[in-house]
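Below: the structure, in structure tokens.
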Protein chains: 2
Amino acid sequence: MARGTGDGTVGKALEVLDQVASFGRPVRFSELLAQSAFPKPTLYRFLQTLTNQQMLSYDPDRQTYAPGVRLVRLAHAAWEQSTLAPIARPHVNALSAAVGETVHLAQLDHAQVLYIDKRNAGQPVEMYSQAGKVGPAYCTGVGKVMLAFTDPAAADPVIAQQSFHAFTPHTLSTPEALHDELADIRSNGYGFDREEHEPGIICVAMPILSETGRVLGALSVTSTTRRTNLAGLETYVPILQDTAAKIARDAQNWSFPDYDTKETTRI
Amino acid sequence: MARGTGDGTVGKALEVLDQVASFGRPVRFSELLAQSAFPKPTLYRFLQTLTNQQMLSYDPDRQTYAPGVRLVRLAHAAWEQSTLAPIARPHVNALSAAVGETVHLAQLDHAQVLYIDKRNAGQPVEMYSQAGKVGPAYCTGVGKVMLAFTDPAAADPVIAQQSFHAFTPHTLSTPEALHDELADIRSNGYGFDREEHEPGIICVAMPILSETGRVLGALSVTSTTRRTNLAGLETYVPILQDTAAKIARDAQNWSFPDYDTKETTRI
DNA sequence: AACCAAGTTTCAAATAATGAAACCATTTGC
DNA sequence: GCAAATGGTTTCATTATTTGAAACTTGGTT
């Protein structure tokens, strides 16, 4: 009742879909076959089926498969219905306008951070990111605050899955160091990323907690060491707290909205 | 070899997934059953399987299903690998900065326009839209220019599928009117939306054509009748042409990039 | 307490998935 | 220019999975 497999044919097909997506580039049949658990004809037919279904796209010139457009449409529905993003949107906008720095909204998915919305700072930030992107939980501001306020019974297995790869000299690279940090975060109510994932990039992060204390997601304000420092980011704590509270309130009252939208709203 | 069904169990499961997504809100088993082609236990098991696989999320309190987070992750991969968006991105940024109005990047998917990227105008536009959203092809700027430059053999069946619902008094609401408009667009090289989808909203749209003349996508600059008019938008034609040409060039040379990205790039 | 609606489980029959082997079509080596 | 190899596709008897009518359980209602 847990893992990926075990759901018959559909589960296997989705395994193949994930495999294609994991390459991060268009990929050939033989490349997939080399690392696939399935025999040649089986893999072949799954690729056929998924391509037929537009879950994959096939480039006949290069003979490569890539995740297909149907996913983009489906994901839009998922984003609007299964994430905090639509509820948080006005509040994230307000926060972004107030602080003038890059703002992220994230949720925890499996053992990873899933970014579900983002507002850029001024204009020319171009900090390669996008909703849908995933990142590590143990060395990002949003990841750490979400872990800190997650019930230990649920958090510990997740912590055990972290790679603890040392992206920078500041990365917390042992479970012990992370546990200490999480305790600090719990007592403060918020956390920082002290250049733990990328040199020069720092952030302050705030959990979004339901009335009952369940972690709904997290917010962060990100900047660079050239522009500010941790003390500077800390001045955003009140507005972050306020924003997180508003999002939690709306999520509570209102979850989930009865959209009266008809179908094709403009653009 | 065409439609949704016909791909065995996987096709049927994806049909169910689409059905859930099409509700646009969390939906109960019985609601799905009422309009489903599948018998009760079959539908039930598909929902179980898809939920297990995180393609759907299930809210036990409300007993509702909604598209799941796994789709958000998969779609990110699709967006980066199977759409023009990553190639177009720097050019769309530059265009957006130059014109200071809302910019859209779209592709044609089935008979609909699929918006794959967007830049907002100043700040407070909030014109409810997002990458992944779909819109009608016959009454949007991007839709019409893409149809206009699509091979008639491919375009005609698509045109036949349009609903021709009259969103506004300006909507082209017959195939004949649309055909005339498409001819005009072909001779001009670009097109407008003259408040055809929403009152007060106008745009100028440019196709993105490959060397061989194939439609890769379309760009548009959108504004309101309060802020400008068609003549005003027409001044953007040169920069739109230039941007479209650059995107087409990059798509040609470079399609598709060998990403050297390793895995977890920052944020 | 009986009823009803919604959701879940059972199980033999019907169907679809499986994969070893054979086949086809390009490219590569000599 | 031919042979061999590589990469991709098809066949088909076997096997495993899906299927759905019916029975059952659960929770809410009169």
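Starting from 1 in every chain, residues are counted up; chains themselves are A, B, ... following the order of the structure tokens, and ligands are numbered from 1 as listed.
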Contact residues (chain B, partner chain A, 6 Å, only C-alpha atoms) as a list of chain:residue names
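So the contacting residues turn out to be B:Asp7, B:Val10, B:Ala21, B:Thr49, B:Pro67, B:Gly68, B:Leu71, B:Val72, B:Arg73, B:Ala75, B:His76, B:Ala77, B:Ala78, B:Ser129, B:Gly132, B:Gly135, B:Thr264, B:Ile267.
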Kindly save the residues from that selection, with C-alpha atoms included, as a PDB file, in the first residue's frame.
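Contents of part-v9.pdb, freshly written:
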ATOM      1  CA  ASP B   7      -5.016   1.763 -25.134  1.00  0.00           C
ATOM      2  CA  VAL B  10      -3.777   2.477 -19.016  1.00  0.00           C
ATOM      3  CA  ALA B  21      -9.596  17.039 -13.764  1.00  0.00           C
ATOM      4  CA  THR B  49      -4.963   3.001  -8.150  1.00  0.00           C
ATOM      5  CA  PRO B  67      -5.770  15.821  -9.447  1.00  0.00           C
ATOM      6  CA  GLY B  68      -2.673  15.045  -7.418  1.00  0.00           C
ATOM      7  CA  LEU B  71       1.175  15.764 -11.882  1.00  0.00           C
ATOM      8  CA  VAL B  72       2.741  19.039 -10.857  1.00  0.00           C
ATOM      9  CA  ARG B  73       6.179  17.472 -10.779  1.00  0.00           C
ATOM     10  CA  ALA B  75       4.362  18.689 -15.728  1.00  0.00           C
ATOM     11  CA  HIS B  76       7.433  20.648 -14.845  1.00  0.00           C
ATOM     12  CA  ALA B  77       9.473  18.126 -16.758  1.00  0.00           C
ATOM     13  CA  ALA B  78       6.994  18.278 -19.643  1.00  0.00           C
ATOM     14  CA  SER B 129      -4.210  33.105 -15.896  1.00  0.00           C
ATOM     15  CA  GLY B 132      -1.173  25.226 -18.375  1.00  0.00           C
ATOM     16  CA  GLY B 135      -8.448  28.699 -24.092  1.00  0.00           C
ATOM     17  CA  THR B 264      19.007  19.812  -7.943  1.00  0.00           C
ATOM     18  CA  ILE B 267      15.334  26.580  -6.302  1.00  0.00           C
TER      19      ILE B 267
END
Per residue of chain D within 9 Å of chain B, which atom pair is closest and at what distance in Å (one decimal), using only C-alpha atoms (C1' of nucleotides), listed by chain and increasing number, as a Markdown table?
| residue | atom | partner | partner_atom | distance |
| --- | --- | --- | --- | --- |
| D:DT18 | C1' | B:Thr9 | CA | 8.0 |
| D:DT19 | C1' | B:Thr42 | CA | 7.2 |
| D:DG20 | C1' | B:Pro39 | CA | 6.7 |
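Backbone DSSP over region 13-187 of chain A gives strand (DSSP E) for Val27, Arg28, Leu56, Ser57, Tyr58, Asp59, Thr64, Tyr65, Ala66, Pro67, Thr102, Val103, His104, Leu105, Ala106, Gln107, Leu108, Asp109, Gln112, Val113, Leu114, Tyr115, Ile116, Asp117, Lys118, Arg119, Val134, Gly135 and Pro136 of chain A.
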Got time to write the residues from that selection, N, CA and C atoms, as a PDB file, in the first residue's frame?
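Written file, result.pdb:
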ATOM      1  N   VAL A  27      14.739  11.271 -24.521  1.00  0.00           N
ATOM      2  CA  VAL A  27      15.525  10.062 -24.291  1.00  0.00           C
ATOM      3  C   VAL A  27      15.115   8.962 -25.272  1.00  0.00           C
ATOM      4  N   ARG A  28      16.075   8.156 -25.652  1.00  0.00           N
ATOM      5  CA  ARG A  28      15.836   7.110 -26.632  1.00  0.00           C
ATOM      6  C   ARG A  28      15.383   5.824 -25.976  1.00  0.00           C
ATOM      7  N   LEU A  56       3.306  11.218 -23.200  1.00  0.00           N
ATOM      8  CA  LEU A  56       4.660  11.396 -23.705  1.00  0.00           C
ATOM      9  C   LEU A  56       4.557  12.005 -25.083  1.00  0.00           C
ATOM     10  N   SER A  57       5.595  12.703 -25.482  1.00  0.00           N
ATOM     11  CA  SER A  57       5.676  13.120 -26.877  1.00  0.00           C
ATOM     12  C   SER A  57       6.859  12.388 -27.502  1.00  0.00           C
ATOM     13  N   TYR A  58       6.730  12.092 -28.777  1.00  0.00           N
ATOM     14  CA  TYR A  58       7.769  11.347 -29.481  1.00  0.00           C
ATOM     15  C   TYR A  58       8.279  12.184 -30.631  1.00  0.00           C
ATOM     16  N   ASP A  59       9.567  12.322 -30.700  1.00  0.00           N
ATOM     17  CA  ASP A  59      10.189  13.053 -31.815  1.00  0.00           C
ATOM     18  C   ASP A  59      10.715  12.025 -32.806  1.00  0.00           C
ATOM     19  N   THR A  64      13.173  10.120 -29.983  1.00  0.00           N
ATOM     20  CA  THR A  64      13.249  10.340 -28.537  1.00  0.00           C
ATOM     21  C   THR A  64      11.866  10.584 -27.939  1.00  0.00           C
ATOM     22  N   TYR A  65      11.758  10.198 -26.688  1.00  0.00           N
ATOM     23  CA  TYR A  65      10.547  10.409 -25.908  1.00  0.00           C
ATOM     24  C   TYR A  65      10.783  11.496 -24.869  1.00  0.00           C
ATOM     25  N   ALA A  66       9.739  12.271 -24.602  1.00  0.00           N
ATOM     26  CA  ALA A  66       9.801  13.275 -23.535  1.00  0.00           C
ATOM     27  C   ALA A  66       8.409  13.391 -22.934  1.00  0.00           C
ATOM     28  N   PRO A  67       8.312  13.888 -21.715  1.00  0.00           N
ATOM     29  CA  PRO A  67       6.986  14.067 -21.117  1.00  0.00           C
ATOM     30  C   PRO A  67       6.109  14.940 -22.009  1.00  0.00           C
ATOM     31  N   THR A 102      12.539  38.005  -3.914  1.00  0.00           N
ATOM     32  CA  THR A 102      11.956  36.770  -4.415  1.00  0.00           C
ATOM     33  C   THR A 102      11.214  36.037  -3.292  1.00  0.00           C
ATOM     34  N   VAL A 103       9.991  35.625  -3.590  1.00  0.00           N
ATOM     35  CA  VAL A 103       9.159  34.917  -2.616  1.00  0.00           C
ATOM     36  C   VAL A 103       8.832  33.524  -3.163  1.00  0.00           C
ATOM     37  N   HIS A 104       8.925  32.531  -2.317  1.00  0.00           N
ATOM     38  CA  HIS A 104       8.553  31.173  -2.706  1.00  0.00           C
ATOM     39  C   HIS A 104       7.445  30.638  -1.815  1.00  0.00           C
ATOM     40  N   LEU A 105       6.584  29.838  -2.431  1.00  0.00           N
ATOM     41  CA  LEU A 105       5.576  29.078  -1.694  1.00  0.00           C
ATOM     42  C   LEU A 105       5.840  27.609  -1.998  1.00  0.00           C
ATOM     43  N   ALA A 106       5.937  26.795  -0.954  1.00  0.00           N
ATOM     44  CA  ALA A 106       6.312  25.390  -1.161  1.00  0.00           C
ATOM     45  C   ALA A 106       5.454  24.461  -0.318  1.00  0.00           C
ATOM     46  N   GLN A 107       5.389  23.217  -0.739  1.00  0.00           N
ATOM     47  CA  GLN A 107       4.795  22.156   0.054  1.00  0.00           C
ATOM     48  C   GLN A 107       5.783  21.000   0.117  1.00  0.00           C
ATOM     49  N   LEU A 108       5.562  20.103   1.068  1.00  0.00           N
ATOM     50  CA  LEU A 108       6.410  18.929   1.178  1.00  0.00           C
ATOM     51  C   LEU A 108       5.769  17.805   0.379  1.00  0.00           C
ATOM     52  N   ASP A 109       6.555  17.191  -0.476  1.00  0.00           N
ATOM     53  CA  ASP A 109       6.047  16.094  -1.291  1.00  0.00           C
ATOM     54  C   ASP A 109       7.050  14.956  -1.193  1.00  0.00           C
ATOM     55  N   GLN A 112      10.786  15.547  -0.471  1.00  0.00           N
ATOM     56  CA  GLN A 112      11.331  16.709  -1.154  1.00  0.00           C
ATOM     57  C   GLN A 112      10.447  17.932  -1.007  1.00  0.00           C
ATOM     58  N   VAL A 113      11.075  19.060  -1.253  1.00  0.00           N
ATOM     59  CA  VAL A 113      10.342  20.313  -1.291  1.00  0.00           C
ATOM     60  C   VAL A 113       9.802  20.503  -2.704  1.00  0.00           C
ATOM     61  N   LEU A 114       8.518  20.773  -2.811  1.00  0.00           N
ATOM     62  CA  LEU A 114       7.925  21.063  -4.106  1.00  0.00           C
ATOM     63  C   LEU A 114       7.520  22.537  -4.127  1.00  0.00           C
ATOM     64  N   TYR A 115       8.140  23.279  -5.013  1.00  0.00           N
ATOM     65  CA  TYR A 115       7.804  24.705  -5.124  1.00  0.00           C
ATOM     66  C   TYR A 115       6.515  24.837  -5.914  1.00  0.00           C
ATOM     67  N   ILE A 116       5.533  25.479  -5.328  1.00  0.00           N
ATOM     68  CA  ILE A 116       4.255  25.555  -6.032  1.00  0.00           C
ATOM     69  C   ILE A 116       3.924  26.966  -6.504  1.00  0.00           C
ATOM     70  N   ASP A 117       4.673  27.943  -6.017  1.00  0.00           N
ATOM     71  CA  ASP A 117       4.511  29.282  -6.592  1.00  0.00           C
ATOM     72  C   ASP A 117       5.741  30.107  -6.274  1.00  0.00           C
ATOM     73  N   LYS A 118       5.869  31.194  -7.004  1.00  0.00           N
ATOM     74  CA  LYS A 118       7.073  32.006  -6.898  1.00  0.00           C
ATOM     75  C   LYS A 118       6.779  33.403  -7.411  1.00  0.00           C
ATOM     76  N   ARG A 119       7.343  34.389  -6.761  1.00  0.00           N
ATOM     77  CA  ARG A 119       7.327  35.747  -7.308  1.00  0.00           C
ATOM     78  C   ARG A 119       8.751  36.217  -7.381  1.00  0.00           C
ATOM     79  N   VAL A 134      11.376  20.665  -7.898  1.00  0.00           N
ATOM     80  CA  VAL A 134      11.582  20.104  -6.574  1.00  0.00           C
ATOM     81  C   VAL A 134      12.987  20.431  -6.089  1.00  0.00           C
ATOM     82  N   GLY A 135      13.150  20.448  -4.786  1.00  0.00           N
ATOM     83  CA  GLY A 135      14.452  20.714  -4.192  1.00  0.00           C
ATOM     84  C   GLY A 135      14.614  19.894  -2.934  1.00  0.00           C
ATOM     85  N   PRO A 136      15.818  19.870  -2.382  1.00  0.00           N
ATOM     86  CA  PRO A 136      16.077  19.090  -1.181  1.00  0.00           C
ATOM     87  C   PRO A 136      15.434  19.726   0.049  1.00  0.00           C
TER      88      PRO A 136
END
Counting only C-alpha atoms (C1' of nucleotides), which residues from chain C have an atom at most 9 Å from any atom of chain B, and could you show them as a list in words?
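Result: DA6, DG7, DT8 and DA16 of chain C.
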Residues of the last selection are to be written out with N, CA and C atoms (P, O5', C5', C4', C3', O3' and C1' of nucleotides), as an mmCIF file, in the first residue's frame.
data_model
loop_
_atom_site.group_PDB
_atom_site.id
_atom_site.type_symbol
_atom_site.label_atom_id
_atom_site.label_comp_id
_atom_site.auth_asym_id
_atom_site.auth_seq_id
_atom_site.Cartn_x
_atom_site.Cartn_y
_atom_site.Cartn_z
ATOM 1 P P DA C 6 -26.514 8.588 -2.952
ATOM 2 O "O5'" DA C 6 -25.126 8.137 -2.345
ATOM 3 C "C5'" DA C 6 -24.697 8.669 -1.097
ATOM 4 C "C4'" DA C 6 -23.476 7.905 -0.664
ATOM 5 C "C3'" DA C 6 -22.482 7.673 -1.798
ATOM 6 O "O3'" DA C 6 -21.212 8.150 -1.373
ATOM 7 C "C1'" DA C 6 -22.987 5.632 -0.695
ATOM 8 P P DG C 7 -19.953 8.086 -2.295
ATOM 9 O "O5'" DG C 7 -19.267 6.766 -1.750
ATOM 10 C "C5'" DG C 7 -18.883 6.721 -0.384
ATOM 11 C "C4'" DG C 7 -18.500 5.311 -0.012
ATOM 12 C "C3'" DG C 7 -17.295 4.746 -0.783
ATOM 13 O "O3'" DG C 7 -16.342 4.345 0.194
ATOM 14 C "C1'" DG C 7 -19.071 3.189 -0.716
ATOM 15 P P DT C 8 -14.903 3.791 -0.327
ATOM 16 O "O5'" DT C 8 -15.070 2.195 -0.254
ATOM 17 C "C5'" DT C 8 -15.418 1.606 0.996
ATOM 18 C "C4'" DT C 8 -15.540 0.094 0.856
ATOM 19 C "C3'" DT C 8 -14.366 -0.594 0.143
ATOM 20 O "O3'" DT C 8 -13.783 -1.468 1.087
ATOM 21 C "C1'" DT C 8 -16.457 -1.436 -0.620
ATOM 22 P P DA C 16 -9.846 -6.487 -23.882
ATOM 23 O "O5'" DA C 16 -8.526 -6.115 -23.100
ATOM 24 C "C5'" DA C 16 -8.524 -6.022 -21.678
ATOM 25 C "C4'" DA C 16 -7.126 -6.254 -21.157
ATOM 26 C "C3'" DA C 16 -6.031 -5.714 -22.066
ATOM 27 O "O3'" DA C 16 -5.120 -5.011 -21.252
ATOM 28 C "C1'" DA C 16 -5.645 -8.009 -21.629
#
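Residues with any atom within 12 Å of region 2-5 of chain C, counting only C-alpha atoms (C1' of nucleotides) and excluding same-chain neighbours fewer than 4 positions away, are Ser30 of chain B; DT26, DG27, DG28, DT29 and DT30 of chain D.
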How would the residues just picked look written out with C-alpha atoms (C1' of nucleotides) as a CSV table (one decimal), in the first residue's frame?
chain,number,residue,atom,x,y,z
B,30,SER,CA,-20.9,9.1,-6.9
D,26,DT,C1',-21.1,1.6,6.8
D,27,DG,C1',-23.1,5.7,8.2
D,28,DG,C1',-26.7,8.6,8.1
D,29,DT,C1',-32.0,9.4,8.2
D,30,DT,C1',-36.8,9.0,9.3
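CA of Ala85 (chain B) lies 17.0 Å from CA of Arg214 (chain B).
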In region 56-125 of chain A, what's alpha helix (DSSP H) per DSSP? Answer as a PyMOL selection string?
chain A and resi 69-82+85-99
Got time to write the residues from that selection, C-alpha atoms, as an mmCIF file, in the first residue's frame?
data_model
loop_
_atom_site.group_PDB
_atom_site.id
_atom_site.type_symbol
_atom_site.label_atom_id
_atom_site.label_comp_id
_atom_site.auth_asym_id
_atom_site.auth_seq_id
_atom_site.Cartn_x
_atom_site.Cartn_y
_atom_site.Cartn_z
ATOM 1 C CA VAL A 69 1.691 18.247 -23.156
ATOM 2 C CA ARG A 70 -1.266 16.451 -21.637
ATOM 3 C CA LEU A 71 0.655 16.650 -18.384
ATOM 4 C CA VAL A 72 0.807 20.421 -18.584
ATOM 5 C CA ARG A 73 -2.955 20.660 -18.824
ATOM 6 C CA LEU A 74 -3.566 18.117 -16.090
ATOM 7 C CA ALA A 75 -1.055 19.803 -13.833
ATOM 8 C CA HIS A 76 -2.839 23.091 -14.109
ATOM 9 C CA ALA A 77 -5.909 21.426 -12.668
ATOM 10 C CA ALA A 78 -3.784 19.792 -9.968
ATOM 11 C CA TRP A 79 -2.145 23.073 -9.098
ATOM 12 C CA GLU A 80 -5.475 24.807 -8.714
ATOM 13 C CA GLN A 81 -7.212 22.043 -6.824
ATOM 14 C CA SER A 82 -4.638 20.163 -4.794
ATOM 15 C CA ALA A 85 -1.327 28.056 -4.442
ATOM 16 C CA PRO A 86 -4.762 29.408 -5.422
ATOM 17 C CA ILE A 87 -5.663 30.205 -1.826
ATOM 18 C CA ALA A 88 -2.279 31.720 -1.094
ATOM 19 C CA ARG A 89 -2.047 33.689 -4.289
ATOM 20 C CA PRO A 90 -3.375 37.085 -3.188
ATOM 21 C CA HIS A 91 -1.374 36.938 0.018
ATOM 22 C CA VAL A 92 1.798 35.945 -1.793
ATOM 23 C CA ASN A 93 1.240 38.835 -4.177
ATOM 24 C CA ALA A 94 0.893 41.259 -1.303
ATOM 25 C CA LEU A 95 3.972 39.873 0.407
ATOM 26 C CA SER A 96 5.969 40.081 -2.779
ATOM 27 C CA ALA A 97 4.949 43.688 -3.366
ATOM 28 C CA ALA A 98 5.806 44.602 0.224
ATOM 29 C CA VAL A 99 9.248 43.031 0.445
#
CA of Leu209 (chain A) and CA of Gly191 (chain A) are how many Å apart?
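Computing the Euclidean distance for CA of Leu209 (chain A) and CA of Gly191 (chain A) yields 14.3 Å.
Across the model, the gap from CA of Ala121 (chain B) to CA of Thr243 (chain A) is 24.0 Å.
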Residue nearest Ile159 (chain A) among A:Pro207, A:Ala245, A:Asn120, A:Ala111 (counting only C-alpha atoms):
A:Ala111
What's around region 181-188 of chain B at 8 Å? Count only C-alpha atoms (C1' of nucleotides), leave out sequence neighbours fewer than 4 positions away in its own chain, and write the answer as a list in words.
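Answer for this query is Lys144, Val145, Leu147, Ala148, Phe149 and Ala177 of chain B.
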